[in-house]
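Printed here is structure-v3.json (JSON, C-alpha atoms and all ligand atoms):
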```json
[["chain", "number", "residue", "atom", "x", "y", "z"],
["A", 982, "MET", "CA", -32.03, 11.85, -53.39],
["A", 983, "THR", "CA", -32.91, 8.47, -51.84],
["A", 984, "ASP", "CA", -29.52, 7.15, -52.95],
["A", 985, "MET", "CA", -27.70, 9.95, -51.16],
["A", 986, "HIS", "CA", -29.87, 9.39, -48.15],
["A", 987, "ASN", "CA", -29.04, 5.68, -48.07],
["A", 988, "GLN", "CA", -25.36, 6.40, -48.52],
["A", 989, "ALA", "CA", -25.37, 8.86, -45.63],
["A", 990, "ALA", "CA", -27.20, 6.33, -43.46],
["A", 991, "ALA", "CA", -24.63, 3.66, -44.30],
["A", 992, "VAL", "CA", -21.73, 5.97, -43.48],
["A", 993, "SER", "CA", -23.19, 7.05, -40.15],
["A", 994, "GLU", "CA", -23.93, 3.45, -39.21],
["A", 995, "ARG", "CA", -20.32, 2.47, -39.94],
["A", 996, "VAL", "CA", -18.99, 5.41, -37.88],
["A", 997, "GLU", "CA", -21.32, 4.63, -34.99],
["A", 998, "ARG", "CA", -20.30, 0.98, -34.96],
["A", 999, "ARG", "CA", -16.63, 1.95, -34.97],
["A", 1000, "TRP", "CA", -17.02, 4.26, -31.97],
["A", 1001, "ALA", "CA", -19.22, 1.77, -30.13],
["A", 1002, "THR", "CA", -16.45, -0.82, -30.60],
["A", 1003, "VAL", "CA", -13.85, 1.60, -29.22],
["A", 1004, "ALA", "CA", -16.06, 2.31, -26.17],
["A", 1005, "VAL", "CA", -16.57, -1.42, -25.50],
["A", 1006, "LEU", "CA", -12.82, -2.09, -25.85],
["A", 1007, "ILE", "CA", -12.05, 0.67, -23.30],
["A", 1008, "ILE", "CA", -14.54, -0.85, -20.82],
["A", 1009, "VAL", "CA", -13.08, -4.35, -21.34],
["A", 1010, "PHE", "CA", -9.55, -2.95, -20.83],
["A", 1011, "LEU", "CA", -10.52, -1.15, -17.58],
["A", 1012, "ALA", "CA", -12.37, -4.21, -16.23],
["A", 1013, "GLY", "CA", -9.30, -6.34, -17.09],
["A", 1014, "MET", "CA", -7.00, -3.88, -15.29],
["A", 1015, "ALA", "CA", -9.25, -3.95, -12.18],
["A", 1016, "ALA", "CA", -9.26, -7.76, -12.21],
["A", 1017, "PHE", "CA", -5.45, -7.86, -12.65],
["A", 1018, "ALA", "CA", -4.90, -5.45, -9.72],
["A", 1019, "GLY", "CA", -7.31, -7.45, -7.57],
["A", 1020, "ILE", "CA", -5.59, -10.76, -8.31],
["A", 1021, "HIS", "CA", -2.19, -9.22, -7.46],
["A", 1022, "ASN", "CA", -3.46, -7.63, -4.21],
["A", 1023, "ALA", "CA", -2.63, -4.18, -5.58],
["A", 1024, "THR", "CA", -6.01, -2.58, -4.97],
["A", 1025, "MET", "CA", -6.68, 0.06, -2.32],
["A", 1026, "PRO", "CA", -8.21, -0.94, 0.00],
["A", 1027, "GLN", "CA", -7.24, -4.60, -0.29],
["A", 1028, "THR", "CA", -9.83, -7.18, -1.17],
["A", 1029, "SER", "CA", -8.83, -9.34, 1.80],
["A", 1030, "VAL", "CA", -10.11, -7.26, 4.69],
["A", 1031, "GLU", "CA", -8.92, -7.86, 8.24],
["A", 1032, "THR", "CA", -10.53, -5.82, 10.97],
["A", 1033, "ILE", "CA", -9.28, -4.67, 14.38],
["A", 1034, "ASP", "CA", -10.67, -2.59, 17.26],
["A", 1035, "PRO", "CA", -8.73, 0.74, 17.12],
["A", 1036, "THR", "CA", -9.54, 1.58, 20.74],
["A", 1037, "THR", "CA", -7.63, -1.41, 22.17],
["A", 1038, "ILE", "CA", -4.66, -1.80, 19.79],
["A", 1039, "HIS", "CA", -2.23, -0.43, 22.43],
["A", 1040, "LEU", "CA", -3.52, -2.82, 25.10],
["A", 1041, "ALA", "CA", -3.65, -6.26, 23.54],
["A", 1042, "GLY", "CA", -3.15, -8.23, 20.36],
["A", 1043, "GLU", "CA", -0.96, -7.91, 17.29],
["A", 1044, "PHE", "CA", -0.17, -4.18, 17.52],
["A", 1045, "ILE", "CA", 0.99, -3.80, 21.14],
["A", 1046, "GLU", "CA", 4.24, -1.80, 21.53],
["A", 1047, "SER", "CA", 6.52, -4.86, 21.94],
["A", 1048, "ASN", "CA", 5.18, -6.38, 18.73],
["A", 1049, "LEU", "CA", 5.89, -3.38, 16.46],
["A", 1050, "GLY", "CA", 8.84, -3.37, 14.07],
["A", 1051, "SER", "CA", 10.35, -6.06, 11.84],
["A", 1052, "ALA", "CA", 10.17, -9.78, 12.55],
["A", 1053, "ILE", "CA", 11.58, -12.76, 10.67],
["A", 1054, "GLU", "CA", 9.07, -15.46, 9.73],
["A", 1055, "ALA", "CA", 9.76, -19.20, 9.57],
["A", 1056, "ASP", "CA", 9.92, -19.03, 5.74],
["A", 1057, "GLY", "CA", 12.64, -16.34, 5.80],
["A", 1058, "SER", "CA", 10.33, -13.48, 4.86],
["A", 1059, "VAL", "CA", 9.99, -10.38, 7.04],
["A", 1060, "THR", "CA", 6.79, -8.98, 8.54],
["A", 1061, "VAL", "CA", 6.75, -5.31, 9.57],
["A", 1062, "ARG", "CA", 4.04, -4.16, 11.99],
["A", 1063, "ALA", "CA", 3.40, -0.44, 12.40],
["A", 1064, "ILE", "CA", 0.79, 1.99, 13.70],
["A", 1065, "GLY", "CA", -0.07, 5.47, 12.49],
["A", 1066, "GLN", "CA", -1.49, 7.94, 14.97],
["A", 1067, "GLN", "CA", -1.79, 11.74, 15.18],
["A", 1068, "TYR", "CA", 1.04, 12.68, 14.42],
["A", 1069, "SER", "CA", 3.64, 9.96, 14.20],
["A", 1070, "PHE", "CA", 4.34, 6.42, 13.14],
["A", 1071, "SER", "CA", 5.38, 3.64, 15.52],
["A", 1072, "PRO", "CA", 8.11, 2.68, 15.03],
["A", 1073, "PRO", "CA", 9.39, 6.03, 13.66],
["A", 1074, "CYS", "CA", 12.22, 4.23, 11.85],
["A", 1075, "ILE", "CA", 11.58, 0.93, 10.07],
["A", 1076, "VAL", "CA", 14.48, -1.32, 9.11],
["A", 1077, "VAL", "CA", 14.15, -4.06, 6.50],
["A", 1078, "PRO", "CA", 16.60, -6.27, 4.58],
["A", 1079, "ALA", "CA", 17.16, -5.87, 0.82],
["A", 1080, "ALA", "CA", 16.20, -8.65, -1.60],
["A", 1081, "THR", "CA", 13.72, -10.23, 0.82],
["A", 1082, "PRO", "CA", 9.94, -10.61, 0.63],
["A", 1083, "ILE", "CA", 8.45, -8.07, 3.07],
["A", 1084, "THR", "CA", 4.87, -7.89, 4.32],
["A", 1085, "PHE", "CA", 3.79, -4.60, 5.88],
["A", 1086, "ARG", "CA", 0.88, -4.91, 8.32],
["A", 1087, "ALA", "CA", -0.24, -1.54, 9.62],
["A", 1088, "THR", "CA", -3.26, 0.17, 11.09],
["A", 1089, "SER", "CA", -4.38, 3.47, 12.58],
["A", 1090, "ALA", "CA", -5.12, 4.27, 16.22],
["A", 1091, "ASP", "CA", -7.32, 7.28, 15.45],
["A", 1092, "VAL", "CA", -8.09, 8.78, 12.02],
["A", 1093, "VAL", "CA", -7.19, 7.91, 8.42],
["A", 1094, "HIS", "CA", -3.45, 8.23, 7.72],
["A", 1095, "GLY", "CA", -1.37, 7.48, 4.66],
["A", 1096, "PHE", "CA", 1.37, 4.87, 4.34],
["A", 1097, "LEU", "CA", 3.67, 5.75, 1.47],
["A", 1098, "ILE", "CA", 7.33, 4.86, 1.00],
["A", 1099, "GLN", "CA", 9.07, 7.29, -1.34],
["A", 1100, "GLY", "CA", 10.86, 5.85, -4.34],
["A", 1101, "THR", "CA", 8.65, 2.72, -4.32],
["A", 1102, "ASN", "CA", 5.09, 1.87, -5.35],
["A", 1103, "ILE", "CA", 4.13, 1.18, -1.73],
["A", 1104, "ASN", "CA", 1.17, 3.43, -1.05],
["A", 1105, "THR", "CA", -1.90, 2.61, 0.98],
["A", 1106, "MET", "CA", -4.21, 4.11, 3.57],
["A", 1107, "LEU", "CA", -4.30, 3.32, 7.27],
["A", 1108, "VAL", "CA", -7.96, 3.23, 8.20],
["A", 1109, "PRO", "CA", -8.98, 2.85, 11.86],
["A", 1110, "GLY", "CA", -10.65, -0.54, 12.28],
["A", 1111, "TYR", "CA", -8.80, -2.18, 9.37],
["A", 1112, "ILE", "CA", -5.38, -3.76, 8.91],
["A", 1113, "SER", "CA", -3.65, -2.57, 5.74],
["A", 1114, "ILE", "CA", -1.45, -5.23, 4.18],
["A", 1115, "GLN", "CA", 1.18, -4.47, 1.53],
["A", 1116, "LYS", "CA", 3.67, -6.93, 0.11],
["A", 1117, "ALA", "CA", 6.98, -5.53, -1.11],
["A", 1118, "SER", "CA", 10.61, -6.28, -1.85],
["A", 1119, "PHE", "CA", 13.50, -3.81, -1.96],
["A", 1120, "ALA", "CA", 16.16, -4.53, -4.58],
["A", 1121, "ALA", "CA", 18.99, -2.59, -2.93],
["A", 1122, "PRO", "CA", 19.95, -0.98, 0.40],
["A", 1123, "GLY", "CA", 19.02, 2.67, 0.80],
["A", 1124, "ASP", "CA", 17.08, 5.20, 2.86],
["A", 1125, "HIS", "CA", 13.49, 6.17, 2.10],
["A", 1126, "LEU", "CA", 11.19, 8.76, 3.62],
["A", 1127, "MET", "CA", 7.72, 7.65, 4.65],
["A", 1128, "PRO", "CA", 5.48, 10.72, 4.86],
["A", 1129, "CYS", "CA", 1.81, 10.51, 5.83],
["A", 1130, "GLN", "CA", -0.03, 11.30, 2.58],
["A", 1131, "GLU", "CA", -3.60, 11.59, 3.88],
["A", 1132, "PHE", "CA", -4.57, 14.86, 5.55],
["A", 1133, "CYS", "CA", -5.10, 13.93, 9.21],
["A", 1134, "SER", "CA", -5.53, 17.39, 10.84],
["A", 1135, "VAL", "CA", -3.19, 20.16, 12.02],
["A", 1136, "GLY", "CA", -0.02, 18.09, 12.55],
["A", 1137, "HIS", "CA", -0.28, 16.25, 9.24],
["A", 1138, "GLU", "CA", 2.76, 17.80, 7.53],
["A", 1139, "GLY", "CA", 4.99, 16.84, 10.46],
["A", 1140, "MET", "CA", 3.97, 13.18, 10.37],
["A", 1141, "TRP", "CA", 6.57, 10.98, 8.72],
["A", 1142, "ALA", "CA", 8.86, 8.04, 9.38],
["A", 1143, "ARG", "CA", 12.05, 6.64, 7.86],
["A", 1144, "VAL", "CA", 12.56, 3.30, 6.14],
["A", 1145, "LYS", "CA", 16.13, 1.96, 6.13],
["A", 1146, "VAL", "CA", 16.79, -0.87, 3.70],
["A", 1147, "VAL", "CA", 19.98, -2.65, 4.79],
["A", 1148, "ASP", "CA", 22.07, -5.51, 3.48],
["A", 1149, "LYS", "CA", 20.44, -8.86, 4.28],
["A", 1150, "GLN", "CA", 23.44, -10.21, 6.24],
["A", 1151, "GLN", "CA", 23.60, -7.01, 8.31],
["A", 1152, "PHE", "CA", 19.89, -7.31, 9.05],
["A", 1153, "LEU", "CA", 20.22, -10.95, 10.11],
["A", 1154, "SER", "CA", 23.15, -10.21, 12.44],
["A", 1155, "GLU", "CA", 21.37, -7.22, 14.02],
["A", 1156, "MET", "CA", 18.28, -9.36, 14.41],
["A", 1157, "ALA", "CA", 20.17, -12.33, 15.91],
["A", 1158, "ASP", "CA", 19.36, -11.70, 19.58],
["A", 1159, "LYS", "CA", 16.09, -9.85, 19.08],
["A", 1160, "ARG", "CA", 12.46, -10.72, 18.50],
["A", 1161, "ARG", "CA", 11.63, -7.37, 16.84],
["A", 1162, "LEU", "CA", 13.90, -4.86, 15.14],
["A", 1163, "SER", "CA", 13.54, -1.18, 14.34],
["A", 1164, "CYS", "CA", 16.01, 1.67, 13.84],
["A", 1165, "ALA", "CA", 14.20, 3.99, 16.25],
["A", 1166, "PRO", "CA", 16.66, 5.63, 18.66],
["A", 1201, "LIG", "CU1", -1.27, 11.31, 9.40],
["A", 1201, "LIG", "CU2", -1.50, 12.94, 7.69]]
```

Output the file's structure in the form of structure tokens.
Amino acid sequence: MTDMHNQAAAVSERVERRWATVAVLIIVFLAGMAAFAGIHNATMPQTSVETIDPTTIHLAGEFIESNLGSAIEADGSVTVRAIGQQYSFSPPCIVVPAATPITFRATSADVVHGFLIQGTNINTMLVPGYISIQKASFAAPGDHLMPCQEFCSVGHEGMWARVKVVDKQQFLSEMADKRRLSCAP
């Protein structure tokens, strides 16, 4: 009787240890994934938080009308600045070159909107008061839809923009005499 009892105790201890190990491994894996995403700036919201006053973005600073769209940086990369507001994006058509490092810098003028480019893993939120930063690169030219993916009230489903990825040479020649570029009509 005691023998059986001891045997049962040994078995249950072994099983418990095995499951405890599995649970610890899952926690270590999840913590590792969170650390990896953080290091690669792939978390939402980003760990590097920049703030902005949503009530004055149209009047002064980085997100005034003339500063929206795509700009070439000294290192050859492209920075795209955009605003989401009920119920549109400015600019409504974003143009970027293929095979080039792109940094999207965007914010909201009113409520929370979504910033998602279909066919890519670009997906973040535009939160009033914060600048959302997403780094990306498009392998090939093509057209993408950019629908708002956060419910932002009655006009939500009509809120979307276009992203045109064009050949790098074409982008550079269209950009030649401009400070900012977009494909808005
Ligand atoms: Cu903006 Cu939904």

Kindly assemble as CSV a list of the chain A residues that lie within 10 Å of ligand LIG 1201 (chain A), each paired with its nearest atom pair and their distance in Å to one decimal, using all atoms listed in the file, sorted first by chain and then by ascending residue number.
```
residue,atom,partner,partner_atom,distance
A:Gly1065,CA,A:LIG1201,CU1,6.7
A:Gln1066,CA,A:LIG1201,CU1,6.5
A:Gln1067,CA,A:LIG1201,CU1,5.8
A:Tyr1068,CA,A:LIG1201,CU1,5.7
A:Ser1069,CA,A:LIG1201,CU1,7.0
A:Phe1070,CA,A:LIG1201,CU1,8.3
A:Ser1089,CA,A:LIG1201,CU1,9.0
A:Asp1091,CA,A:LIG1201,CU1,9.5
A:Val1092,CA,A:LIG1201,CU1,7.7
A:Val1093,CA,A:LIG1201,CU1,6.9
A:His1094,CA,A:LIG1201,CU1,4.1
A:Gly1095,CA,A:LIG1201,CU1,6.1
A:Phe1096,CA,A:LIG1201,CU1,8.6
A:Met1106,CA,A:LIG1201,CU1,9.7
A:Leu1107,CA,A:LIG1201,CU1,8.8
A:Pro1128,CA,A:LIG1201,CU2,7.9
A:Cys1129,CA,A:LIG1201,CU2,4.5
A:Gln1130,CA,A:LIG1201,CU2,5.6
A:Glu1131,CA,A:LIG1201,CU2,4.6
A:Phe1132,CA,A:LIG1201,CU2,4.2
A:Cys1133,CA,A:LIG1201,CU2,4.0
A:Ser1134,CA,A:LIG1201,CU2,6.8
A:Val1135,CA,A:LIG1201,CU2,8.6
A:Gly1136,CA,A:LIG1201,CU2,7.2
A:His1137,CA,A:LIG1201,CU2,3.9
A:Glu1138,CA,A:LIG1201,CU2,6.5
A:Gly1139,CA,A:LIG1201,CU2,8.1
A:Met1140,CA,A:LIG1201,CU1,5.6
A:Trp1141,CA,A:LIG1201,CU1,7.9
```

Cut-off 12 Å: closest region 993-1076 of chain A/region 1149-1155 of chain A atom pairs per residue, using only C-alpha atoms, as JSON lines:
```
{"residue": "A:Ser1051", "atom": "CA", "partner": "A:Phe1152", "partner_atom": "CA", "distance": 10.0}
{"residue": "A:Ala1052", "atom": "CA", "partner": "A:Leu1153", "partner_atom": "CA", "distance": 10.4}
{"residue": "A:Ile1053", "atom": "CA", "partner": "A:Leu1153", "partner_atom": "CA", "distance": 8.8}
{"residue": "A:Gly1057", "atom": "CA", "partner": "A:Leu1153", "partner_atom": "CA", "distance": 10.3}
{"residue": "A:Ser1058", "atom": "CA", "partner": "A:Lys1149", "partner_atom": "CA", "distance": 11.1}
{"residue": "A:Val1059", "atom": "CA", "partner": "A:Phe1152", "partner_atom": "CA", "distance": 10.6}
{"residue": "A:Ile1075", "atom": "CA", "partner": "A:Phe1152", "partner_atom": "CA", "distance": 11.7}
{"residue": "A:Val1076", "atom": "CA", "partner": "A:Phe1152", "partner_atom": "CA", "distance": 8.1}
```

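From CA of Ile1098 (chain A) back to CA of Asp1124 (chain A), the distance works out to 9.9 Å.
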
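When CA of Leu1040 (chain A) is paired with CA of Ile1064 (chain A), their separation reads 13.1 Å.
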
- Atomic distance CA of Val1077 (chain A) - CA of Thr1101 (chain A), expressed in Å with one decimal: 13.9 Å

Find the spatial neighbours of His1039 (chain A), counting only C-alpha atoms, within a cut-off of 12 Å - ignore same-chain residues fewer than 5 positions away - and output them as a PDB file with C-alpha atoms, keeping the file's coordinate frame.
```pdb
ATOM      1  CA  ILE A1033      -9.280  -4.670  14.380  1.00  0.00           C
ATOM      2  CA  ASP A1034     -10.670  -2.590  17.260  1.00  0.00           C
ATOM      3  CA  PHE A1044      -0.170  -4.180  17.520  1.00  0.00           C
ATOM      4  CA  ILE A1045       0.990  -3.800  21.140  1.00  0.00           C
ATOM      5  CA  GLU A1046       4.240  -1.800  21.530  1.00  0.00           C
ATOM      6  CA  SER A1047       6.520  -4.860  21.940  1.00  0.00           C
ATOM      7  CA  ASN A1048       5.180  -6.380  18.730  1.00  0.00           C
ATOM      8  CA  LEU A1049       5.890  -3.380  16.460  1.00  0.00           C
ATOM      9  CA  ALA A1063       3.400  -0.440  12.400  1.00  0.00           C
ATOM     10  CA  ILE A1064       0.790   1.990  13.700  1.00  0.00           C
ATOM     11  CA  GLY A1065      -0.070   5.470  12.490  1.00  0.00           C
ATOM     12  CA  GLN A1066      -1.490   7.940  14.970  1.00  0.00           C
ATOM     13  CA  SER A1071       5.380   3.640  15.520  1.00  0.00           C
ATOM     14  CA  THR A1088      -3.260   0.170  11.090  1.00  0.00           C
ATOM     15  CA  SER A1089      -4.380   3.470  12.580  1.00  0.00           C
ATOM     16  CA  ALA A1090      -5.120   4.270  16.220  1.00  0.00           C
ATOM     17  CA  ASP A1091      -7.320   7.280  15.450  1.00  0.00           C
TER      18      ASP A1091
END
```

Give the padded box for region 1137-1145 of chain A as lines of an AutoDock Vina configuration file: axis-aligned, covering all atoms listed in the file, 5 Å on each side, centre and edge lengths in Å to one decimal.
```
center_x = 7.9
center_y = 9.9
center_z = 8.3
size_x = 26.4
size_y = 25.8
size_z = 14.3
```

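Compared by their closest atoms to Tyr1111 (chain A), and using only C-alpha atoms, the residues A:Ala1001, A:Ala1087, A:Met1014, A:Ala991 rank with A:Ala1087 nearest.
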
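With distances restricted to only C-alpha atoms, A:Ala1121 is the closest residue to Ala1080 (chain A) from A:Ala1165, A:Ala1121, A:Val1061, A:Ile1112.
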
- Query: Hey, can you pull every residue with an atom no more than 6 Å from (21.2, 0.1, 5.2), using all atoms listed in the file, and send it as a ChimeraX atom specification?
  - Reply: /A:1122-1123,1145-1148

- Task: Do a neighbour search on Ser1118 (chain A) at 6 Å with all atoms listed in the file, toss out local chain neighbours closer than 6 positions, and write the hits as an MDAnalysis selection string.
- Result: chainID A and resid 1081:1083

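Of the residues listed (A:Cys1074, A:Met1156, A:Val1108, A:Val996), A:Cys1074 shows the shortest atom-to-atom separation from Ala1142 (chain A); distances use all atoms listed in the file.
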